[in-house]
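*Asks:* Encoded as structure tokens, here's the structure I'll be asking about.
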Protein chains: 2
Amino acid sequence: MGIQKPTISKGTRDFSPIEMSRRNYIFNTIRSVFEKYGYVPIETPAMENLSTLMGKYGEEGDKLLFKILNSGDFLSGVDLEGKEAKKLTTVFCEKGLRYDLTVPFARYVVMHQNELTFPFKRYQIQPVWRADRPQKGRYREFFQCDADTIGSKSLLNEAELVAMTYDVFKALKINVAIKLNNRKILSAIAELVGASEKIIDITVAIDKLDKIGLENVNKELLEKGLTLEMVNKIQPIILLSGSNQEKINQLKSIFAGIEIGLTGISEIESVFSYIRSMNLDCEPELDLTLARGLNYYTGAIFEVKAKDIAMGSISGGGRYDDLTGIFGLKNMSGVGISYGADRIYDVLNELNLFPLQLMSMTKVLFCNFGTAEEQYVLPFVTALRSKNVNCEIYPDNSKLSKQFSYANDKHIPFVVIGGAQEMEEQMVTIKNMETGEQNKVQKELLIQQITSLLHK
Amino acid sequence: MGIQKPTISKGTRDFSPIEMSRRNYIFNTIRSVFEKYGYVPIETPAMENLSTLMGKYGEEGDKLLFKILNSGDFLSGVDLEGKEAKKLTTVFCEKGLRYDLTVPFARYVVMHQNELTFPFKRYQIQPVWRADRPQKGRYREFFQCDADTIGSKSLLNEAELVAMTYDVFKALKINVAIKLNNRKILSAIAELVGASEKIIDITVAIDKLDKIGLENVNKELLEKGLTLEMVNKIQPIILLSGSNQEKINQLKSIFAGIEIGLTGISEIESVFSYIRSMNLDCEPELDLTLARGLNYYTGAIFEVKAKDIAMGSISGGGRYDDLTGIFGLKNMSGVGISYGADRIYDVLNELNLFPLQLMSMTKVLFCNFGTAEEQYVLPFVTALRSKNVNCEIYPDNSKLSKQFSYANDKHIPFVVIGGAQEMEEQMVTIKNMETGEQNKVQKELLIQQITSLLHK
């Protein structure tokens, strides 16, 4: 076989060691906060039967699913005559790659309902795949971190998710604004203006307020067939200002007599009340323009934005009353939130918030001067590892400058030199790679010296 | 849409919370040992271009690759007339799922060679996919944990991998036998009997010694065209017994004049010598029948078996002199080892070696008695979490027996009861779910009590 130029599949990424330790920092932080709130992990396979995935993400979603060709003779018994690609797809393929973590979770809950104790609080951190056109910040393989509570209608769950979200971003040192709304309020707006059938158009339009501005929102509403009178009636609601309580008070009078609106307000009040009881040091903002795209939300909706950087939302979620119904399990209300690992990475990176110590995984490098010196230092390598210190010995007797470069490239803070002279004196030299400082110590003291240097 | 019965794709698995925490225990243990030895993590995408994967795993491997249908109109411009499935596969699909971690690693090294410092010590823990017929213990999605050092010919790398392997299984508390051989010895055997061209047949046959016995090995050798004289000459070598040093001494005289054999012996001696210098508390066994299937090995070969259970190898690896050549980067000798997470799981499970504490992730459950009581206990929930104690509050005011069942099902060791009576007395009750013991304490002492109970 000839030589081939190596390539990577479009829209996918390799993660280098430094990227990995930064990504693991994000995942480990999120994971430990999830567990602090009682969420337990599950994982589902990368491949799902297409029947599980198709029709769950709209027509566009069906197109964006990666489909896996059936093994063996996939043409066997297929009449190709006059068939289009679209029709043949489900003939040639019975499996597809996971598109999000929500539908596999719903399938999981239904299949395992007899083993699960409800309310079931699960988290899931896995990649998902979408055949989107790749562009800056949009990948075909990306990572989601989801936490959901299913099987409880209590609004305490909503409050817990808000508290958890504060904790996640506090741990990551990202200043965030958490926005809260309720789908029922959006329904009430549509009902109030007498255009209940246009709820989707209305929510899609007002959701864009901070992106495109009021004028363009109104323009879009008119284009979608709302009358000027309707638009004027929506106006004061989405422009409501003041504290959360002031907004709530105004909404109460605006929605007087509109039952779904009052229910929505009452739900929001409960969530805020729970949050107050929790003694958190901040409170989410009631944002009446917050809509979020997914149609399965029926109650609370959340969204999180980083305050110190212009970037889309880094987290979002909400309450859904019927996620598992499609798989035959009714009356399973749930509420969940999803954290976008890739966007969080970008925020931490651009704001320079990754801890410095992530750079250095190996703490000590033992230099190599040949066979006799290897024998001299190898017992120290073993001893240091038995103290759980990450260390390595350079495998080849290369020039010292090359070994030092290796240490620098790997951000290894300390190098141990045990050459002919040190052997004769029964000493070793410890070099601090940052300051350049060198210290010769008795070999018996090496382990103790290193561990104390590392704990400084 | 009607209700559909949820199904999972054949040969794949969901991982429940308890399975997840056990799997994470394995992955975290392996990961921390990898890092202790200076290996740093990378990850590659699930999807690779088929050009990267095809032809690397033999004809059978090509068949077992999962291929991904091209997005959009995959039929466009394709002349279907008279085409077979096999030919159309690469027309319809330009991507496939990762089949192992070695080929993606080779691609990674070549693509990133200018950013990497060699020797490059990387580890990679990710799932791989194979369209195998599913059976007990064999899945279509399974997990590999690989560590490789590339860009160094030093035999110290081999010794480090052996030491690391001891550490991994010591940390997991699995008694293992580590077997070591060298491909050059196998070549020397073939040369010695005058059948160099039959080296594959010979190694495949003798590799089966402990499975099928000597008689059947000999039968297979004869069937493959070796003469009785050749078989008789192989006999004493594969039946060599005694200590490693005794075997080595005998081999030296058997292979006198066969250069590749003497090189192999000298390599093995170096590896053993390094291992002795390391002060490990055990030593691998030289096993001259160990061959391992993969043809790219050129030097050392390793294999690990669990001692207390009959199961295939749980780890294996070796030295390869030219892995990246196919992608255009020559002279990159490497050595690596792969740990099979699924088999290790089975070993730990059957030998009952998983730590008990993996069962319980949440440490404290606060019972729920309605709005006023929620307000009473919520500040304790927040306070306990700020001490990094995993705890949760039951979200609904359900029957106490239901809440206790929930705690038992989640293996939560302590339940806190703050009901009307406790509120009045400004107390809380702590219930030990294992012993049933209950203790009423002043509310100010709760956090301290719980943390001390958890550290008992």
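Just so we're on the same page: first chain in the structure tokens is A, next is B, and so on; residues restart at 1 for each chain, and ligands are numbered from 1 in the order they show up.
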Which neighbours of B:Ser360 fall inside 9 Å, counting only C-alpha atoms, when residues of the same chain fewer than 4 positions from it are skipped, and could you give them as an NGL selection string?

*Replies:* :B and (18 or 356 or 410-413)

*Asks:* Go ahead and dump the residues you just picked, N, CA and C atoms, as an mmCIF file, in the first residue's frame.

*Replies:*
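Writing the result to out.cif gives the following:
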data_model
loop_
_atom_site.group_PDB
_atom_site.id
_atom_site.type_symbol
_atom_site.label_atom_id
_atom_site.label_comp_id
_atom_site.auth_asym_id
_atom_site.auth_seq_id
_atom_site.Cartn_x
_atom_site.Cartn_y
_atom_site.Cartn_z
ATOM 1 N N ILE B 18 -25.244 2.392 38.773
ATOM 2 C CA ILE B 18 -24.276 1.569 39.501
ATOM 3 C C ILE B 18 -23.193 1.055 38.563
ATOM 4 N N LEU B 356 -17.298 -1.274 48.021
ATOM 5 C CA LEU B 356 -18.703 -1.135 48.409
ATOM 6 C C LEU B 356 -19.213 0.294 48.288
ATOM 7 N N LYS B 410 -31.340 4.104 46.493
ATOM 8 C CA LYS B 410 -30.144 4.851 46.079
ATOM 9 C C LYS B 410 -28.969 4.604 47.031
ATOM 10 N N HIS B 411 -29.143 3.683 47.985
ATOM 11 C CA HIS B 411 -28.084 3.373 48.964
ATOM 12 C C HIS B 411 -27.610 4.629 49.686
ATOM 13 N N ILE B 412 -28.553 5.496 50.029
ATOM 14 C CA ILE B 412 -28.214 6.722 50.755
ATOM 15 C C ILE B 412 -28.086 6.371 52.235
ATOM 16 N N PRO B 413 -26.915 6.584 52.852
ATOM 17 C CA PRO B 413 -26.725 6.083 54.229
ATOM 18 C C PRO B 413 -27.489 6.849 55.314
#

*Asks:* Can you tell me which residues surround B:Ile393 at a distance of at most 7 Å, considering only C-alpha atoms, apart from same-chain residues fewer than 4 positions away, and format the answer as a ChimeraX atom specification?

*Replies:* /B:365-368

*Asks:* Include N, CA and C atoms and write out the residues we just selected as a compact mmCIF listing (two decimals), in the first residue's frame.

*Replies:*
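Okay, this is what ended up in result.txt:
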# COMPACT_ATOMS: atom_id res chain seq x y z
N LEU B 365 -30.25 12.21 52.47
CA LEU B 365 -31.53 12.61 51.90
C LEU B 365 -32.33 13.38 52.94
N PHE B 366 -32.77 14.58 52.60
CA PHE B 366 -33.68 15.33 53.47
C PHE B 366 -35.10 14.97 53.08
N CYS B 367 -35.89 14.55 54.06
CA CYS B 367 -37.27 14.19 53.77
C CYS B 367 -38.09 15.44 53.54
N ASN B 368 -39.21 15.25 52.85
CA ASN B 368 -40.07 16.37 52.47
C ASN B 368 -41.43 16.23 53.14

*Asks:* Determine the nearest neighbour of A:Lys208 from the options A:Leu329, A:Met359, A:Ile238, A:Leu69, counting only C-alpha atoms.

*Replies:*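 Between A:Leu329, A:Met359, A:Ile238, A:Leu69, the residue approaching A:Lys208 most closely is A:Ile238.
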
*Asks:* Neighbouring residues of B:Gly137 were defined as those with any atom within 9 Å, considering only C-alpha atoms; residues of the same chain fewer than 6 positions away were excluded. Please report them as a PyMOL selection string.

*Replies:* chain B and resi 342-343+346

*Asks:* Ranking B:Pro395, B:Pro134, B:Pro127, B:Gly58 by minimum distance to chain A and counting only C-alpha atoms, which one comes first?

*Replies:*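 Comparing B:Pro395, B:Pro134, B:Pro127, B:Gly58 against chain A, the winner is B:Pro395.
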
*Asks:* Considering only alpha helix (DSSP H) as DSSP defines it on the backbone, what residues of stretch 83-319 of chain B qualify? List them as a PyMOL selection string.

*Replies:* chain B and resi 85-92+102-111+156-171+183-192+199-206+209-223+228-238+244-254+259-277

*Asks:* Give me the residues within 12 Å of A:Lys247 as a PyMOL selection string, counting only C-alpha atoms and dropping any in the same chain fewer than 2 places off.

*Replies:* chain A and resi 181+236-245+249-255+265+268-269+285-288

*Asks:* Could the residues in this selection be written to a file with C-alpha atoms, as a PDB file, in the first residue's frame?

*Replies:*
ATOM      1  CA  ASN A 181     -39.322  32.177  32.169  1.00  0.00           C
ATOM      2  CA  PRO A 236     -45.570  46.420  27.247  1.00  0.00           C
ATOM      3  CA  ILE A 237     -45.238  42.814  28.376  1.00  0.00           C
ATOM      4  CA  ILE A 238     -41.908  42.129  26.766  1.00  0.00           C
ATOM      5  CA  LEU A 239     -40.642  45.529  27.827  1.00  0.00           C
ATOM      6  CA  LEU A 240     -41.637  45.045  31.465  1.00  0.00           C
ATOM      7  CA  SER A 241     -38.814  46.179  33.697  1.00  0.00           C
ATOM      8  CA  GLY A 242     -37.938  46.396  37.363  1.00  0.00           C
ATOM      9  CA  SER A 243     -37.203  43.704  39.886  1.00  0.00           C
ATOM     10  CA  ASN A 244     -38.544  40.187  39.468  1.00  0.00           C
ATOM     11  CA  GLN A 245     -41.241  40.954  42.033  1.00  0.00           C
ATOM     12  CA  ASN A 249     -46.924  42.122  40.154  1.00  0.00           C
ATOM     13  CA  GLN A 250     -47.495  43.792  36.812  1.00  0.00           C
ATOM     14  CA  LEU A 251     -48.030  40.437  35.087  1.00  0.00           C
ATOM     15  CA  LYS A 252     -50.685  39.531  37.626  1.00  0.00           C
ATOM     16  CA  SER A 253     -52.822  42.455  36.581  1.00  0.00           C
ATOM     17  CA  ILE A 254     -52.076  42.026  32.883  1.00  0.00           C
ATOM     18  CA  PHE A 255     -53.093  38.360  32.991  1.00  0.00           C
ATOM     19  CA  ILE A 265     -46.926  33.317  37.422  1.00  0.00           C
ATOM     20  CA  ILE A 268     -42.515  31.262  38.866  1.00  0.00           C
ATOM     21  CA  GLU A 269     -43.290  32.635  42.318  1.00  0.00           C
ATOM     22  CA  GLU A 285     -33.683  37.074  36.357  1.00  0.00           C
ATOM     23  CA  LEU A 286     -37.246  36.722  35.132  1.00  0.00           C
ATOM     24  CA  ASP A 287     -36.947  37.336  31.384  1.00  0.00           C
ATOM     25  CA  LEU A 288     -40.280  37.355  29.591  1.00  0.00           C
TER      26      LEU A 288
END

*Asks:* Go through stretch 22-59 of chain B and collect every residue that DSSP, computed from the backbone, puts in strand (DSSP E or B); the answer should be as a list in words.

*Replies:*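 Assigned to strand (DSSP E or B), within stretch 22-59 of chain B: Val40, Pro41, Glu43, Met47, Glu48 and Asn49 of chain B.
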
*Asks:* Taking N, CA and C atoms for each residue, export the selection above as an mmCIF file, in the first residue's frame.

*Replies:*
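Contents of selection.cif, freshly written:
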data_model
loop_
_atom_site.group_PDB
_atom_site.id
_atom_site.type_symbol
_atom_site.label_atom_id
_atom_site.label_comp_id
_atom_site.auth_asym_id
_atom_site.auth_seq_id
_atom_site.Cartn_x
_atom_site.Cartn_y
_atom_site.Cartn_z
ATOM 1 N N VAL B 40 0.053 11.255 28.798
ATOM 2 C CA VAL B 40 -0.910 12.354 28.759
ATOM 3 C C VAL B 40 -2.048 11.986 27.804
ATOM 4 N N PRO B 41 -3.263 12.512 28.085
ATOM 5 C CA PRO B 41 -4.434 12.049 27.326
ATOM 6 C C PRO B 41 -4.613 12.750 25.990
ATOM 7 N N GLU B 43 -7.817 12.593 22.720
ATOM 8 C CA GLU B 43 -9.012 11.928 22.199
ATOM 9 C C GLU B 43 -9.119 12.221 20.717
ATOM 10 N N MET B 47 -15.858 9.437 14.446
ATOM 11 C CA MET B 47 -15.880 9.220 12.996
ATOM 12 C C MET B 47 -14.512 9.520 12.401
ATOM 13 N N GLU B 48 -14.014 8.615 11.607
ATOM 14 C CA GLU B 48 -12.790 8.850 10.840
ATOM 15 C C GLU B 48 -13.147 8.716 9.356
ATOM 16 N N ASN B 49 -12.363 9.360 8.501
ATOM 17 C CA ASN B 49 -12.551 9.097 7.083
ATOM 18 C C ASN B 49 -12.270 7.621 6.819
#

*Asks:* For a test of reading the model, state the distance in Å between atom CA of B:Asn408 and atom CA of B:Glu434, rounded to one decimal.

*Replies:* 8.8 Å

*Asks:* Could you tell me how far atom CA of A:Ser76 lies from atom CA of B:Glu84, in Å and to one decimal?

*Replies:*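 Computing it gives 9.4 Å between the two atoms.
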
*Asks:* Quick one: residues within 9 Å of A:Gly194, only C-alpha atoms counted, chain neighbours fewer than 4 positions away excluded, as a PyMOL selection string?

*Replies:* chain A and resi 189-190+230

*Asks:* Considering only C-alpha atoms, return as a list in words whatever protein or nucleic-acid residues lie within 12 Å of A:Thr371, sequence-local ones (same chain, fewer than 3 positions apart) excluded.

*Replies:*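 Answer for this query is Cys367, Asn368, Glu374, Gln375, Tyr376, Val377, Leu378, Pro395, Asp396, Asn397, Gly418, Gly419 and Ala420 of chain A; Ser154, Leu155, Leu156, Ser270, Val271, Ser273, Tyr274 and Ser277 of chain B.
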
*Asks:* Give me a file of those residues, with all heavy atoms, as a short mmCIF file (atom, residue, chain, number, x, y, z; two decimals), in the first residue's frame.

*Replies:*
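again14.cif, freshly written:
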data_model
loop_
_atom_site.label_atom_id
_atom_site.label_comp_id
_atom_site.auth_asym_id
_atom_site.auth_seq_id
_atom_site.Cartn_x
_atom_site.Cartn_y
_atom_site.Cartn_z
N CYS A 367 16.42 12.63 34.42
CA CYS A 367 17.23 12.62 33.21
C CYS A 367 17.91 11.27 33.04
O CYS A 367 18.08 10.51 33.99
CB CYS A 367 18.27 13.74 33.25
SG CYS A 367 17.50 15.34 33.05
N ASN A 368 18.30 11.01 31.80
CA ASN A 368 18.88 9.71 31.45
C ASN A 368 20.31 9.91 30.96
O ASN A 368 20.55 10.65 30.01
CB ASN A 368 18.00 9.06 30.37
CG ASN A 368 18.36 7.61 30.13
OD1 ASN A 368 19.55 7.25 30.09
ND2 ASN A 368 17.36 6.77 29.97
N GLU A 374 20.82 4.97 34.87
CA GLU A 374 19.42 4.51 34.92
C GLU A 374 19.19 3.65 36.15
O GLU A 374 18.21 3.82 36.88
CB GLU A 374 19.08 3.69 33.67
CG GLU A 374 18.88 4.51 32.39
CD GLU A 374 18.82 3.62 31.14
OE1 GLU A 374 19.21 2.44 31.20
OE2 GLU A 374 18.37 4.12 30.10
N GLN A 375 20.12 2.73 36.36
CA GLN A 375 19.99 1.85 37.53
C GLN A 375 20.02 2.63 38.84
O GLN A 375 19.36 2.27 39.81
CB GLN A 375 21.10 0.80 37.54
CG GLN A 375 20.80 -0.33 36.60
CD GLN A 375 21.89 -1.40 36.64
OE1 GLN A 375 22.61 -1.54 37.62
NE2 GLN A 375 21.99 -2.16 35.56
N TYR A 376 20.80 3.70 38.83
CA TYR A 376 20.91 4.54 40.03
C TYR A 376 19.59 5.26 40.35
O TYR A 376 19.18 5.32 41.50
CB TYR A 376 22.04 5.55 39.81
CG TYR A 376 22.31 6.49 40.97
CD1 TYR A 376 22.71 6.01 42.22
CD2 TYR A 376 22.17 7.87 40.81
CE1 TYR A 376 22.95 6.87 43.27
CE2 TYR A 376 22.42 8.75 41.86
CZ TYR A 376 22.81 8.24 43.09
OH TYR A 376 23.05 9.10 44.14
N VAL A 377 18.94 5.78 39.30
CA VAL A 377 17.74 6.59 39.58
C VAL A 377 16.42 5.81 39.57
O VAL A 377 15.44 6.25 40.16
CB VAL A 377 17.61 7.82 38.62
CG1 VAL A 377 18.78 8.76 38.81
CG2 VAL A 377 17.42 7.41 37.18
N LEU A 378 16.39 4.65 38.89
CA LEU A 378 15.11 3.94 38.77
C LEU A 378 14.40 3.67 40.11
O LEU A 378 13.18 3.82 40.20
CB LEU A 378 15.27 2.63 37.97
CG LEU A 378 15.15 2.82 36.44
CD1 LEU A 378 15.51 1.52 35.72
CD2 LEU A 378 13.75 3.27 36.02
N PRO A 395 13.48 8.18 28.35
CA PRO A 395 13.84 6.80 28.03
C PRO A 395 15.19 6.64 27.34
O PRO A 395 15.77 5.55 27.38
CB PRO A 395 12.71 6.34 27.11
CG PRO A 395 12.12 7.58 26.54
CD PRO A 395 12.32 8.65 27.57
N ASP A 396 15.69 7.70 26.71
CA ASP A 396 16.94 7.57 25.95
C ASP A 396 18.03 8.44 26.56
O ASP A 396 17.77 9.47 27.17
CB ASP A 396 16.70 7.99 24.50
CG ASP A 396 15.65 7.14 23.82
OD1 ASP A 396 15.99 6.03 23.38
OD2 ASP A 396 14.46 7.57 23.78
N ASN A 397 19.28 8.00 26.34
CA ASN A 397 20.43 8.77 26.79
C ASN A 397 20.73 9.85 25.75
O ASN A 397 21.73 9.78 25.02
CB ASN A 397 21.61 7.80 26.98
CG ASN A 397 22.87 8.52 27.38
OD1 ASN A 397 22.85 9.71 27.68
ND2 ASN A 397 23.98 7.79 27.38
N GLY A 418 20.80 12.61 37.94
CA GLY A 418 21.63 11.65 38.68
C GLY A 418 22.69 11.15 37.72
O GLY A 418 22.54 10.08 37.13
N GLY A 419 23.74 11.96 37.53
CA GLY A 419 24.82 11.61 36.59
C GLY A 419 25.96 10.94 37.32
O GLY A 419 25.85 10.58 38.50
N ALA A 420 27.07 10.78 36.62
CA ALA A 420 28.23 10.07 37.17
C ALA A 420 28.71 10.71 38.47
O ALA A 420 28.98 10.02 39.45
CB ALA A 420 29.36 10.06 36.14
N SER B 154 14.19 2.90 23.09
CA SER B 154 14.72 2.41 24.37
C SER B 154 13.84 1.31 24.97
O SER B 154 12.60 1.43 25.01
CB SER B 154 14.83 3.57 25.35
OG SER B 154 14.99 3.07 26.66
N LEU B 155 14.49 0.25 25.44
CA LEU B 155 13.75 -0.85 26.06
C LEU B 155 13.26 -0.48 27.46
O LEU B 155 12.48 -1.22 28.07
CB LEU B 155 14.62 -2.11 26.10
CG LEU B 155 14.95 -2.63 24.70
CD1 LEU B 155 16.13 -3.58 24.75
CD2 LEU B 155 13.74 -3.31 24.08
N LEU B 156 13.72 0.65 27.95
CA LEU B 156 13.19 1.15 29.22
C LEU B 156 11.68 1.38 29.09
O LEU B 156 10.94 1.22 30.06
CB LEU B 156 13.93 2.46 29.58
CG LEU B 156 13.61 3.17 30.88
CD1 LEU B 156 13.56 2.22 32.06
CD2 LEU B 156 14.64 4.27 31.14
N SER B 270 17.44 -7.14 28.69
CA SER B 270 17.45 -5.72 29.07
C SER B 270 16.17 -5.35 29.80
O SER B 270 16.19 -4.64 30.81
CB SER B 270 17.57 -4.83 27.83
OG SER B 270 18.82 -4.95 27.27
N VAL B 271 15.04 -5.80 29.27
CA VAL B 271 13.76 -5.47 29.89
C VAL B 271 13.73 -6.01 31.33
O VAL B 271 13.39 -5.30 32.27
CB VAL B 271 12.58 -6.02 29.07
CG1 VAL B 271 11.26 -5.81 29.82
CG2 VAL B 271 12.53 -5.35 27.70
N SER B 273 16.25 -6.66 33.20
CA SER B 273 17.22 -5.94 34.00
C SER B 273 16.64 -4.60 34.48
O SER B 273 16.78 -4.22 35.64
CB SER B 273 18.49 -5.73 33.17
OG SER B 273 19.25 -4.67 33.69
N TYR B 274 15.97 -3.88 33.57
CA TYR B 274 15.31 -2.63 33.98
C TYR B 274 14.28 -2.90 35.08
O TYR B 274 14.18 -2.15 36.05
CB TYR B 274 14.61 -1.99 32.78
CG TYR B 274 15.52 -1.20 31.88
CD1 TYR B 274 15.55 -1.44 30.49
CD2 TYR B 274 16.34 -0.19 32.38
CE1 TYR B 274 16.37 -0.70 29.66
CE2 TYR B 274 17.18 0.54 31.55
CZ TYR B 274 17.18 0.29 30.18
OH TYR B 274 17.99 1.03 29.36
N SER B 277 15.83 -3.26 38.36
CA SER B 277 16.29 -1.97 38.92
C SER B 277 15.14 -1.17 39.52
O SER B 277 15.34 -0.30 40.36
CB SER B 277 16.93 -1.12 37.83
OG SER B 277 18.07 -1.73 37.33
#

*Asks:* Which residues are near B:Val335? Cut-off 12 Å, only C-alpha atoms, ignore same chain within fewer than 4 positions. Put them as a ChimeraX atom specification.

*Replies:* /B:102,119-123,146-162,296-302,316-323

*Asks:* What does the distance from atom CA of A:Asp210 to atom CA of A:Gly312 come to in Å, to one decimal?

*Replies:*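 Calculated distance between atom CA of A:Asp210 and atom CA of A:Gly312 is 11.0 Å.
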